[in-house]
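Peer 1: Sharing upload_11.tsv (TSV, C-alpha atoms) below.
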chain	number	residue	atom	x	y	z
P	1	MET	CA	10.89	28.04	-19.35
P	2	MET	CA	12.30	25.93	-16.53
P	3	THR	CA	15.47	27.17	-14.89
P	4	PRO	CA	16.83	24.20	-12.94
P	5	PRO	CA	18.81	24.81	-9.76
P	6	ALA	CA	22.56	24.46	-10.04
P	7	ILE	CA	23.82	20.90	-9.77
P	8	SER	CA	25.54	20.34	-6.47
P	9	SER	CA	28.95	18.80	-5.97
P	10	PRO	CA	29.23	15.03	-5.44
P	11	PRO	CA	27.16	14.06	-2.40
P	12	ARG	CA	28.70	13.50	0.98
P	13	GLU	CA	27.41	10.64	3.10
P	14	ARG	CA	25.34	12.96	5.27
P	15	ASP	CA	23.65	14.40	2.16
P	16	ILE	CA	22.16	11.01	1.22
P	17	GLU	CA	18.71	10.18	2.57
P	18	PRO	CA	18.70	7.09	4.83
P	19	SER	CA	16.56	4.21	3.61
P	20	PRO	CA	13.63	3.27	5.88
P	21	PHE	CA	12.95	-0.41	6.55
P	22	ALA	CA	9.69	-2.31	6.95
P	23	VAL	CA	8.35	-5.87	7.10
P	24	TYR	CA	5.33	-7.06	5.12
P	25	ILE	CA	3.68	-10.39	6.05
P	26	HIS	CA	1.19	-11.93	3.62
P	27	TRP	CA	-1.69	-14.09	4.83
P	28	PRO	CA	-3.19	-15.48	1.62
P	29	PHE	CA	-6.56	-16.78	2.81
P	30	CYS	CA	-10.05	-15.29	2.54
P	31	LYS	CA	-13.51	-16.60	3.30
P	32	ALA	CA	-14.54	-15.74	-0.27
P	33	LYS	CA	-12.92	-14.22	-3.36
P	34	CYS	CA	-14.24	-10.74	-4.14
P	35	PRO	CA	-15.04	-10.24	-7.85
P	36	TYR	CA	-12.84	-7.13	-8.20
P	37	CYS	CA	-9.79	-8.57	-6.37
P	38	ASP	CA	-6.58	-9.50	-8.18
P	39	PHE	CA	-4.53	-9.95	-5.01
P	40	ASN	CA	-2.95	-13.28	-4.09
P	41	SER	CA	-5.90	-14.54	-2.06
P	42	HIS	CA	-7.35	-18.03	-1.83
P	43	VAL	CA	-10.28	-19.80	-0.21
P	44	ARG	CA	-9.52	-22.95	1.80
P	45	ALA	CA	-11.88	-25.14	3.85
P	46	THR	CA	-9.27	-25.60	6.59
P	47	ILE	CA	-6.00	-23.89	7.51
P	48	ASP	CA	-3.29	-25.46	9.66
P	49	GLN	CA	-2.50	-22.42	11.80
P	50	ASP	CA	0.50	-24.09	13.48
P	51	ALA	CA	2.13	-24.98	10.15
P	52	TRP	CA	1.63	-21.48	8.82
P	53	ARG	CA	3.02	-19.93	11.97
P	54	ARG	CA	6.17	-22.06	11.76
P	55	ALA	CA	6.66	-21.24	8.08
P	56	LEU	CA	6.22	-17.50	8.47
P	57	LEU	CA	8.63	-17.50	11.42
P	58	ALA	CA	11.18	-19.42	9.34
P	59	GLU	CA	11.01	-16.93	6.48
P	60	ILE	CA	11.44	-14.03	8.90
P	61	ASP	CA	14.57	-15.75	10.18
P	62	HIS	CA	15.84	-16.19	6.62
P	63	TYR	CA	15.61	-12.51	5.71
P	64	ALA	CA	16.75	-11.30	9.11
P	65	ALA	CA	20.03	-13.15	8.64
P	66	GLU	CA	21.08	-10.78	5.83
P	67	THR	CA	19.54	-7.57	7.19
P	68	ALA	CA	20.53	-7.81	10.85
P	69	GLY	CA	20.69	-4.56	12.77
P	70	ARG	CA	18.05	-2.74	10.71
P	71	VAL	CA	15.44	-0.67	12.54
P	72	VAL	CA	11.90	-1.73	11.58
P	73	SER	CA	9.69	1.35	11.28
P	74	SER	CA	6.54	-0.61	10.45
P	75	VAL	CA	5.04	-4.07	10.13
P	76	PHE	CA	2.04	-4.76	7.90
P	77	PHE	CA	-0.12	-7.89	7.93
P	78	GLY	CA	-1.79	-7.94	4.51
P	79	GLY	CA	-3.66	-10.42	2.41
P	80	GLY	CA	-5.93	-12.06	1.81
P	81	THR	CA	-7.62	-11.48	5.11
P	82	PRO	CA	-5.03	-11.58	7.90
P	83	SER	CA	-7.70	-11.05	10.53
P	84	LEU	CA	-8.46	-14.74	9.87
P	85	MET	CA	-5.02	-15.48	11.35
P	86	ALA	CA	-4.97	-16.66	14.94
P	87	PRO	CA	-4.06	-13.67	17.17
P	88	ALA	CA	-1.43	-15.92	18.78
P	89	THR	CA	0.24	-16.22	15.36
P	90	ALA	CA	0.35	-12.45	15.00
P	91	ALA	CA	1.89	-12.20	18.47
P	92	ALA	CA	4.55	-14.81	17.65
P	93	LEU	CA	5.49	-13.05	14.41
P	94	ILE	CA	5.74	-9.63	16.06
P	95	ASN	CA	7.88	-11.10	18.85
P	96	ARG	CA	10.19	-12.77	16.31
P	97	ILE	CA	10.58	-9.50	14.39
P	98	ALA	CA	11.55	-7.79	17.66
P	99	GLU	CA	14.10	-10.53	18.35
P	100	ARG	CA	15.67	-10.51	14.88
P	101	TRP	CA	15.69	-6.76	14.14
P	102	ILE	CA	15.28	-3.57	16.17
P	103	LEU	CA	11.56	-2.91	16.67
P	104	PRO	CA	11.00	0.42	18.47
P	105	GLY	CA	8.11	0.76	20.86
P	106	ASP	CA	6.44	3.30	18.57
P	107	ALA	CA	6.68	1.19	15.40
P	108	GLU	CA	3.46	1.09	13.39
P	109	ILE	CA	1.99	-2.44	13.27
P	110	THR	CA	-1.05	-2.73	10.98
P	111	LEU	CA	-3.55	-5.53	10.47
P	112	GLU	CA	-5.93	-5.64	7.50
P	113	ALA	CA	-9.37	-6.88	8.54
P	114	ASN	CA	-12.81	-7.51	7.13
P	115	PRO	CA	-15.68	-5.96	9.07
P	116	THR	CA	-17.69	-9.09	9.70
P	117	SER	CA	-18.99	-9.66	13.19
P	118	VAL	CA	-16.89	-12.77	13.83
P	119	GLU	CA	-13.60	-11.08	12.92
P	120	ALA	CA	-14.38	-7.79	14.65
P	121	GLU	CA	-14.91	-9.58	17.96
P	122	ARG	CA	-11.24	-10.66	17.84
P	123	PHE	CA	-9.90	-7.10	17.77
P	124	ARG	CA	-9.20	-7.18	21.50
P	125	ASP	CA	-6.94	-10.21	21.09
P	126	PHE	CA	-5.08	-8.67	18.15
P	127	ARG	CA	-4.47	-5.52	20.17
P	128	ALA	CA	-3.01	-7.64	22.97
P	129	ALA	CA	-0.81	-9.35	20.35
P	130	GLY	CA	0.80	-6.01	19.51
P	131	ILE	CA	-1.30	-4.65	16.63
P	132	ASN	CA	-1.69	-0.88	17.00
P	133	ARG	CA	-3.38	0.03	13.71
P	134	ALA	CA	-6.30	-1.59	11.88
P	135	SER	CA	-7.16	-1.18	8.21
P	136	LEU	CA	-10.74	-2.26	7.46
P	137	GLY	CA	-11.95	-3.35	4.02
P	138	VAL	CA	-15.35	-1.67	4.21
P	139	GLN	CA	-15.47	-0.81	0.45
P	140	ALA	CA	-18.97	0.74	0.55
P	141	LEU	CA	-21.56	2.19	2.89
P	142	ASP	CA	-24.42	1.39	0.54
P	143	PRO	CA	-26.23	-1.99	0.64
P	144	ALA	CA	-26.61	-2.34	-3.13
P	145	ALA	CA	-22.95	-1.46	-3.68
P	146	LEU	CA	-21.82	-4.01	-1.08
P	147	SER	CA	-23.83	-6.67	-2.89
P	148	PHE	CA	-22.37	-5.70	-6.27
P	149	LEU	CA	-18.82	-5.78	-4.84
P	150	GLY	CA	-19.40	-9.26	-3.44
P	151	ARG	CA	-18.87	-8.23	0.17
P	152	SER	CA	-20.30	-10.50	2.88
P	153	HIS	CA	-20.88	-7.82	5.49
P	154	SER	CA	-23.73	-5.35	5.85
P	155	VAL	CA	-23.51	-1.60	6.31
P	156	ASP	CA	-24.45	-2.02	9.98
P	157	GLU	CA	-21.67	-4.60	10.46
P	158	ALA	CA	-19.19	-2.25	8.83
P	159	ILE	CA	-20.14	0.61	11.13
P	160	ALA	CA	-19.98	-1.69	14.18
P	161	ALA	CA	-16.50	-2.86	13.14
P	162	ILE	CA	-15.32	0.73	12.68
P	163	GLU	CA	-16.50	1.59	16.18
P	164	LEU	CA	-14.79	-1.51	17.60
P	165	ALA	CA	-11.58	-0.57	15.83
P	166	ARG	CA	-11.83	2.92	17.29
P	167	ARG	CA	-12.22	1.38	20.75
P	168	HIS	CA	-9.39	-1.15	20.55
P	169	PHE	CA	-6.67	0.39	18.38
P	170	PRO	CA	-4.84	3.71	18.75
P	171	ARG	CA	-5.18	4.24	14.99
P	172	PHE	CA	-7.48	2.86	12.32
P	173	SER	CA	-8.43	3.38	8.70
P	174	PHE	CA	-10.96	1.98	6.27
P	175	ASP	CA	-11.22	1.65	2.49
P	176	LEU	CA	-14.00	2.63	0.13
P	177	ILE	CA	-14.34	1.98	-3.61
P	178	TYR	CA	-16.01	4.57	-5.82
P	179	ALA	CA	-16.64	5.12	-9.55
P	180	ARG	CA	-18.96	2.13	-9.37
P	181	PRO	CA	-21.45	1.38	-12.18
P	182	GLY	CA	-24.16	4.05	-12.34
P	183	GLN	CA	-22.76	5.99	-9.39
P	184	GLU	CA	-23.78	9.65	-9.42
P	185	PRO	CA	-21.82	12.43	-7.66
P	186	ALA	CA	-24.81	13.19	-5.42
P	187	GLN	CA	-24.94	9.56	-4.24
P	188	TRP	CA	-21.20	9.49	-3.60
P	189	ASP	CA	-21.43	12.77	-1.72
P	190	VAL	CA	-23.92	11.25	0.74
P	191	GLU	CA	-21.71	8.19	1.21
P	192	LEU	CA	-18.58	10.31	1.63
P	193	LYS	CA	-20.19	12.45	4.31
P	194	ARG	CA	-21.23	9.34	6.21
P	195	ALA	CA	-17.72	7.93	5.91
P	196	LEU	CA	-16.22	11.16	7.23
P	197	SER	CA	-18.53	11.04	10.24
P	198	LEU	CA	-17.02	7.64	11.07
P	199	ALA	CA	-13.38	8.26	10.10
P	200	GLY	CA	-10.35	8.48	12.33
P	201	ASP	CA	-7.09	9.94	11.05
P	202	HIS	CA	-6.95	8.10	7.71
P	203	LEU	CA	-9.17	7.07	4.77
P	204	SER	CA	-8.32	5.18	1.58
P	205	LEU	CA	-10.59	5.92	-1.40
P	206	TYR	CA	-9.98	3.92	-4.57
P	207	GLN	CA	-11.55	4.23	-8.00
P	208	LEU	CA	-12.91	0.89	-9.20
P	209	THR	CA	-10.58	-0.66	-11.76
P	210	ILE	CA	-11.29	-3.77	-13.81
P	211	GLU	CA	-8.28	-6.04	-13.39
P	212	PRO	CA	-7.43	-8.99	-15.67
P	213	GLY	CA	-8.06	-12.38	-14.13
P	214	THR	CA	-10.91	-11.20	-11.90
P	215	ALA	CA	-14.58	-12.13	-12.09
P	216	PHE	CA	-15.35	-8.48	-12.84
P	217	HIS	CA	-13.03	-8.59	-15.86
P	218	THR	CA	-15.05	-11.44	-17.36
P	219	ALA	CA	-18.40	-9.83	-16.51
P	220	HIS	CA	-17.34	-6.42	-17.82
P	221	ALA	CA	-16.10	-7.93	-21.10
P	222	ARG	CA	-19.43	-9.74	-21.40
P	223	GLY	CA	-21.24	-6.41	-21.06
P	224	ASP	CA	-22.86	-7.18	-17.72
P	225	PHE	CA	-22.04	-3.70	-16.42
P	226	ALA	CA	-20.24	-0.51	-17.41
P	227	VAL	CA	-17.99	1.69	-15.29
P	228	PRO	CA	-18.27	5.49	-15.36
P	229	ASP	CA	-16.61	7.21	-18.30
P	230	ASP	CA	-13.57	9.48	-17.80
P	231	ASP	CA	-15.67	12.61	-17.32
P	232	ARG	CA	-17.91	11.03	-14.67
P	233	ALA	CA	-14.94	9.38	-12.93
P	234	GLY	CA	-13.14	12.75	-12.96
P	235	ALA	CA	-16.12	14.45	-11.37
P	236	LEU	CA	-16.23	11.80	-8.63
P	237	TYR	CA	-12.51	12.21	-8.04
P	238	GLU	CA	-12.78	16.00	-7.78
P	239	LEU	CA	-15.71	15.71	-5.38
P	240	THR	CA	-13.65	13.30	-3.26
P	241	GLN	CA	-10.76	15.77	-3.05
P	242	GLU	CA	-13.07	18.64	-2.19
P	243	ARG	CA	-14.89	16.83	0.62
P	244	LEU	CA	-11.74	15.34	2.15
P	245	ASN	CA	-9.90	18.66	2.05
P	246	GLU	CA	-12.85	20.35	3.76
P	247	ALA	CA	-12.73	17.67	6.47
P	248	GLY	CA	-9.01	18.14	7.12
P	249	LEU	CA	-7.92	14.87	5.49
P	250	PRO	CA	-6.07	15.98	2.35
P	251	ALA	CA	-4.61	13.49	-0.12
P	252	TYR	CA	-1.02	12.72	0.79
P	253	GLU	CA	-1.04	10.09	-1.99
P	254	ILE	CA	-3.31	9.61	-5.00
P	255	SER	CA	-5.84	7.41	-3.17
P	256	ASN	CA	-4.94	7.96	0.49
P	257	HIS	CA	-6.03	10.79	2.77
P	258	ALA	CA	-4.94	11.61	6.30
P	259	ARG	CA	-4.86	14.25	8.96
P	260	PRO	CA	-1.31	15.55	9.50
P	261	GLY	CA	0.58	12.75	11.27
P	262	GLY	CA	-2.04	10.14	10.41
P	263	GLU	CA	-0.39	8.89	7.22
P	264	SER	CA	0.29	5.17	6.86
P	265	ARG	CA	3.96	4.93	7.78
P	266	HIS	CA	4.22	1.51	6.19
P	267	ASN	CA	2.90	2.61	2.82
P	268	LEU	CA	5.18	5.64	2.97
P	269	VAL	CA	8.12	3.23	3.05
P	270	TYR	CA	6.95	1.90	-0.33
P	271	TRP	CA	6.25	5.31	-1.82
P	272	ARG	CA	9.56	6.71	-0.53
P	273	TYR	CA	11.30	3.71	-2.11
P	274	GLY	CA	12.63	2.36	1.14
P	275	ASP	CA	13.69	-1.21	1.88
P	276	TYR	CA	11.18	-3.82	2.96
P	277	VAL	CA	11.13	-7.55	3.51
P	278	GLY	CA	8.24	-9.49	1.95
P	279	VAL	CA	7.29	-12.64	3.87
P	280	GLY	CA	4.65	-15.16	2.80
P	281	PRO	CA	3.17	-16.45	-0.48
P	282	GLY	CA	3.59	-14.04	-3.38
P	283	ALA	CA	5.05	-11.29	-1.18
P	284	HIS	CA	7.40	-8.83	-2.87
P	285	GLY	CA	10.40	-7.15	-1.24
P	286	ARG	CA	13.04	-4.55	-2.01
P	287	LEU	CA	16.41	-4.71	-0.26
P	288	THR	CA	19.53	-2.58	-0.63
P	289	LEU	CA	22.54	-4.85	-0.11
P	290	ASP	CA	26.11	-3.62	-0.73
P	291	GLY	CA	24.72	-0.65	-2.64
P	292	ALA	CA	22.64	-2.77	-5.04
P	293	LYS	CA	18.84	-2.81	-5.02
P	294	ILE	CA	17.45	-6.35	-4.98
P	295	ALA	CA	13.88	-7.35	-5.89
P	296	THR	CA	12.53	-10.43	-4.15
P	297	ARG	CA	9.32	-12.35	-4.79
P	298	GLN	CA	8.07	-15.38	-2.91
P	299	LEU	CA	6.37	-18.38	-4.48
P	300	ARG	CA	2.75	-17.46	-5.12
P	301	ALA	CA	0.70	-20.64	-4.51
P	302	PRO	CA	0.16	-21.12	-0.75
P	303	GLU	CA	0.81	-24.86	-0.65
P	304	THR	CA	3.87	-24.56	-2.92
P	305	TRP	CA	5.30	-21.82	-0.73
P	306	LEU	CA	4.58	-23.80	2.45
P	307	ALA	CA	6.35	-26.90	1.10
P	308	ALA	CA	9.37	-24.85	-0.02
P	309	VAL	CA	9.75	-23.25	3.41
P	310	ALA	CA	9.49	-26.64	5.09
P	311	LYS	CA	12.30	-27.90	2.84
P	312	HIS	CA	14.57	-24.84	2.51
P	313	GLY	CA	13.62	-22.45	5.31
P	314	GLU	CA	12.29	-19.91	2.78
P	315	GLY	CA	10.07	-19.79	-0.29
P	316	THR	CA	11.79	-17.33	-2.61
P	317	ASP	CA	10.71	-17.64	-6.24
P	318	GLU	CA	12.74	-14.76	-7.66
P	319	ARG	CA	15.65	-12.66	-6.47
P	320	VAL	CA	17.09	-10.27	-9.05
P	321	PRO	CA	19.15	-7.08	-9.01
P	322	ILE	CA	17.36	-3.97	-10.26
P	323	CYS	CA	19.31	-2.17	-12.98
P	324	ASP	CA	19.94	1.58	-12.76
P	325	ARG	CA	17.15	2.55	-15.15
P	326	GLU	CA	14.60	0.28	-13.44
P	327	ARG	CA	15.66	1.69	-10.08
P	328	LEU	CA	15.02	5.22	-11.35
P	329	GLU	CA	11.67	4.23	-12.88
P	330	GLU	CA	10.49	2.51	-9.70
P	331	MET	CA	11.53	5.45	-7.55
P	332	LEU	CA	9.64	7.88	-9.81
P	333	MET	CA	6.58	5.63	-10.11
P	334	MET	CA	6.30	5.43	-6.32
P	335	GLY	CA	7.50	8.89	-5.27
P	336	LEU	CA	5.43	10.95	-7.71
P	337	ARG	CA	2.23	9.44	-6.28
P	338	LEU	CA	2.80	11.55	-3.16
P	339	GLY	CA	1.84	15.15	-2.57
P	340	GLU	CA	5.28	15.77	-1.09
P	341	ALA	CA	8.39	16.27	-3.19
P	342	LEU	CA	10.62	13.40	-4.21
P	343	PRO	CA	13.68	14.91	-2.51
P	344	ARG	CA	17.02	15.46	-4.12
P	345	ALA	CA	18.61	13.38	-1.38
P	346	ARG	CA	16.62	10.37	-2.61
P	347	PHE	CA	17.93	10.83	-6.15
P	348	ARG	CA	21.41	10.85	-4.66
P	349	ARG	CA	20.67	7.78	-2.53
P	350	GLU	CA	19.21	5.70	-5.35
P	351	CYS	CA	20.87	7.12	-8.47
P	352	GLY	CA	24.01	8.83	-7.18
P	353	ALA	CA	23.19	12.16	-8.82
P	354	GLU	CA	20.77	15.08	-9.01
P	355	PRO	CA	17.50	14.78	-11.00
P	356	GLU	CA	18.85	17.10	-13.72
P	357	VAL	CA	21.59	14.55	-14.37
P	358	VAL	CA	19.56	11.33	-14.39
P	359	LEU	CA	16.44	12.65	-16.20
P	360	ASP	CA	16.20	13.74	-19.81
P	361	PRO	CA	16.27	17.58	-19.60
P	362	VAL	CA	14.06	18.14	-22.66
P	363	ARG	CA	11.32	15.80	-21.43
P	364	LEU	CA	11.58	17.18	-17.91
P	365	GLU	CA	11.28	20.79	-19.09
P	366	ARG	CA	8.27	19.97	-21.29
P	367	LEU	CA	6.40	18.40	-18.34
P	368	VAL	CA	7.32	21.28	-16.02
P	369	ASP	CA	6.19	23.86	-18.56
P	370	GLY	CA	2.98	21.89	-19.12
P	371	GLY	CA	2.10	22.11	-15.42
P	372	PHE	CA	2.46	18.39	-14.66
P	373	LEU	CA	5.73	18.43	-12.69
P	374	MET	CA	7.55	20.88	-10.43
P	375	LEU	CA	11.29	20.92	-9.81
P	376	ASP	CA	12.94	23.16	-7.23
P	377	GLY	CA	15.68	23.10	-4.63
P	378	VAL	CA	13.74	20.57	-2.52
P	379	GLY	CA	13.13	18.06	-5.29
P	380	LEU	CA	10.70	16.84	-7.93
P	381	ARG	CA	6.95	16.52	-7.45
P	382	ALA	CA	3.85	15.91	-9.54
P	383	THR	CA	1.24	18.64	-9.54
P	384	GLU	CA	-2.42	17.81	-8.92
P	385	ALA	CA	-2.88	17.61	-12.70
P	386	GLY	CA	0.19	15.39	-12.96
P	387	ARG	CA	-0.98	12.95	-10.29
P	388	GLN	CA	-4.35	12.55	-12.05
P	389	ARG	CA	-2.45	11.52	-15.21
P	390	LEU	CA	0.55	9.90	-13.59
P	391	ASN	CA	0.88	6.95	-15.98
P	392	ALA	CA	0.97	9.33	-18.95
P	393	VAL	CA	3.43	11.64	-17.15
P	394	LEU	CA	5.76	8.76	-16.36
P	395	GLY	CA	5.56	7.54	-19.93
P	396	ALA	CA	6.41	11.00	-21.26
P	397	LEU	CA	9.28	11.37	-18.79
P	398	MET	CA	10.91	7.96	-19.27
P	399	SER	CA	9.95	6.60	-22.71
Go through the file and emit its structure as structure tokens.
Peer 2:
Amino acid sequence: MMTPPAISSPPRERDIEPSPFAVYIHWPFCKAKCPYCDFNSHVRATIDQDAWRRALLAEIDHYAAETAGRVVSSVFFGGGTPSLMAPATAAALINRIAERWILPGDAEITLEANPTSVEAERFRDFRAAGINRASLGVQALDPAALSFLGRSHSVDEAIAAIELARRHFPRFSFDLIYARPGQEPAQWDVELKRALSLAGDHLSLYQLTIEPGTAFHTAHARGDFAVPDDDRAGALYELTQERLNEAGLPAYEISNHARPGGESRHNLVYWRYGDYVGVGPGAHGRLTLDGAKIATRQLRAPETWLAAVAKHGEGTDERVPICDRERLEEMLMMGLRLGEALPRARFRRECGAEPEVVLDPVRLERLVDGGFLMLDGVGLRATEAGRQRLNAVLGALMS
């Protein structure tokens, strides 16, 4: 039976965890739409770089006006394919962030990039612009898998881009997708070992999911291919954990692995339920203003967003307060993905009380006794078994 720690007295200000702060900038354009991708990405024959630079700068100004004085721990250029952005645009946006907020010299500034030869050759210019971390969408180190995933680069191009990233950026990471159709553990083991021979301090390893609205969703429904069943996917997941642990890159989040200190600081802001500004088409944000948590979402269609910014100085589509229950659910959904505990101080910061007060004690005890959650004086965490079944755990905890 679970014996919860005693509930503390009402929190003092110094007992409440400070909220980190980050800036996300969305570049919505790609050279081609990948069949598995449900992100807000679009293919355009031409892009007016000057117009996009002006609009992104204007939206930074808009959000900076109500969050002045915050210290930006990280900036993330996501997409889409932001390595298609002119390096001069990246430089202008970083400079504007430094002007409008406090941007420390050691802030993490990440650029997502595709490992094609043309984009990789621009890494030097992006480094000069202020980017200090690259995240490469490699997705596979197998030619047949790259073809299936609709990627335009070859394995050799991917490896060359990884080596260029190693040369130009202090930190880099790359993504791989596994649990692909017909994939056997032995095949994945070979690919994993090759990836580890190329890796820096971080790797992201995602199981293939079939998302509504994607080309894969249509093809899968048509019966064109099948993904591994739960047992095979579980075996691939367990092999992934084993190999990455052996290599000194344990999972600090369900799909992300890092050497100690190599974690993505930007993504940790999300998972630790910190504040972040979302700039650009379809970008989401979370801001704590006067004690209330506000969800923001920008207009999704690139041209619609661009026109709105030209007219109003920002392209916000939705701005709504998050109610207490939703705030708790979001904090749990993000925080329980991590290997670390969701600290008691965060419950106090977001919910004003200890976890024993804000969570149903019967449901909580059942999940602790079942080996899916742990609760102690530090906080609440999901066990390895709990993280593998996180959606079911969250449903059992909050339904």
Peer 1: Using all atoms listed in the file, determine which residues lie at most 10 Å from Ser19 of chain P, disregarding the query and same-chain residues fewer than 6 positions distant; provide the list as an MDAnalysis selection string.
Peer 2: chainID P and resid 269 272:276 287:288 346 349:350
Peer 1: Excluding same-chain residues fewer than 6 positions from Cys34 of chain P, what lies within 8 Å of it counting all atoms listed in the file, as a list in words?
Peer 2: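 The contact residues come out as Leu149, Gly150 and Arg151 of chain P.
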Peer 1: From the options P:Ala301, P:Ile254, P:Ala86, P:Ile94, which residue's atoms come nearest to Val43 of chain P, counting all atoms listed in the file?
Peer 2: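 The closest residue to Val43 of chain P is P:Ala301.
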Peer 1: Tell me, as a PyMOL selection string, which residues lie within 12 Å of Leu397 of chain P, counting all atoms listed in the file; anything in the same chain fewer than 5 positions away does not count.
Peer 2: chain P and resi 328-329+332-333+336+355+358-368+372-373+382+386+390-392
Peer 1: So that I can check the surroundings of Asp142 of chain P, please list as a VMD selection string every protein, DNA and RNA residue that reaches within 9 Å of it, counting all atoms listed in the file and ignoring chain neighbours fewer than 2 positions away.
Peer 2: chain P and resid 140 144 to 147 154 to 155 191
Peer 1: Please measure the separation of atom CA of Leu306 of chain P and atom CA of Asp48 of chain P, giving the value in Å to one decimal.
Peer 2: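 Result for atom CA of Leu306 of chain P versus atom CA of Asp48 of chain P: 10.8 Å, one decimal.
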Peer 1: Of the residues P:Ile16, P:Val277, P:Leu141, P:Leu196, which is the one nearest to Gln298 of chain P, using only C-alpha atoms?
Peer 2: P:Val277
Peer 1: To one decimal in Å, tell me the separation between atom CA of Arg44 of chain P and atom CA of Gly80 of chain P.
Peer 2: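 Interatomic distance, atom CA of Arg44 of chain P to atom CA of Gly80 of chain P: 11.5 Å.
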Peer 1: Point out the residue among P:Glu330, P:Asp290, P:Glu246, P:Glu238 with the least atom-to-atom distance to Ala385 of chain P, counting all atoms listed in the file.
Peer 2: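 For Ala385 of chain P, the nearest of the candidates is P:Glu238.
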Peer 1: For segment 131-148 of chain P, which lacks atoms in the input, supply N, CA and C atoms and format the output as a short mmCIF file (atom, residue, chain, number, x, y, z; two decimals), in the frame of the given file.
Peer 2:
data_model
loop_
_atom_site.label_atom_id
_atom_site.label_comp_id
_atom_site.auth_asym_id
_atom_site.auth_seq_id
_atom_site.Cartn_x
_atom_site.Cartn_y
_atom_site.Cartn_z
N ILE P 131 -0.78 -5.48 17.72
CA ILE P 131 -1.30 -4.65 16.63
C ILE P 131 -1.73 -3.30 17.18
N ASN P 132 -1.29 -2.21 16.54
CA ASN P 132 -1.69 -0.88 17.00
C ASN P 132 -2.38 -0.05 15.93
N ARG P 133 -2.65 -0.67 14.78
CA ARG P 133 -3.38 0.03 13.71
C ARG P 133 -4.17 -0.99 12.92
N ALA P 134 -5.45 -0.70 12.67
CA ALA P 134 -6.30 -1.59 11.88
C ALA P 134 -6.68 -0.89 10.58
N SER P 135 -6.73 -1.68 9.51
CA SER P 135 -7.16 -1.18 8.21
C SER P 135 -8.32 -2.06 7.75
N LEU P 136 -9.51 -1.49 7.69
CA LEU P 136 -10.74 -2.26 7.46
C LEU P 136 -11.17 -2.16 6.00
N GLY P 137 -11.47 -3.31 5.40
CA GLY P 137 -11.95 -3.35 4.02
C GLY P 137 -13.45 -3.17 3.94
N VAL P 138 -13.92 -1.96 4.23
CA VAL P 138 -15.35 -1.67 4.21
C VAL P 138 -15.88 -1.66 2.78
N GLN P 139 -15.23 -0.90 1.90
CA GLN P 139 -15.47 -0.81 0.45
C GLN P 139 -16.72 -0.05 0.05
N ALA P 140 -17.77 -0.04 0.87
CA ALA P 140 -18.97 0.74 0.55
C ALA P 140 -19.82 0.89 1.79
N LEU P 141 -20.58 1.98 1.82
CA LEU P 141 -21.56 2.19 2.89
C LEU P 141 -22.96 2.28 2.27
N ASP P 142 -23.16 1.45 1.27
CA ASP P 142 -24.42 1.39 0.54
C ASP P 142 -24.75 -0.09 0.32
N PRO P 143 -25.92 -0.55 0.72
CA PRO P 143 -26.23 -1.99 0.64
C PRO P 143 -26.12 -2.55 -0.77
N ALA P 144 -26.66 -1.83 -1.76
CA ALA P 144 -26.61 -2.34 -3.13
C ALA P 144 -25.17 -2.43 -3.63
N ALA P 145 -24.35 -1.45 -3.26
CA ALA P 145 -22.95 -1.46 -3.68
C ALA P 145 -22.20 -2.62 -3.03
N LEU P 146 -22.46 -2.88 -1.75
CA LEU P 146 -21.82 -4.01 -1.08
C LEU P 146 -22.17 -5.32 -1.78
N SER P 147 -23.41 -5.46 -2.18
CA SER P 147 -23.83 -6.67 -2.89
C SER P 147 -23.11 -6.78 -4.23
N PHE P 148 -23.05 -5.69 -4.98
CA PHE P 148 -22.37 -5.70 -6.27
C PHE P 148 -20.90 -6.06 -6.11
#
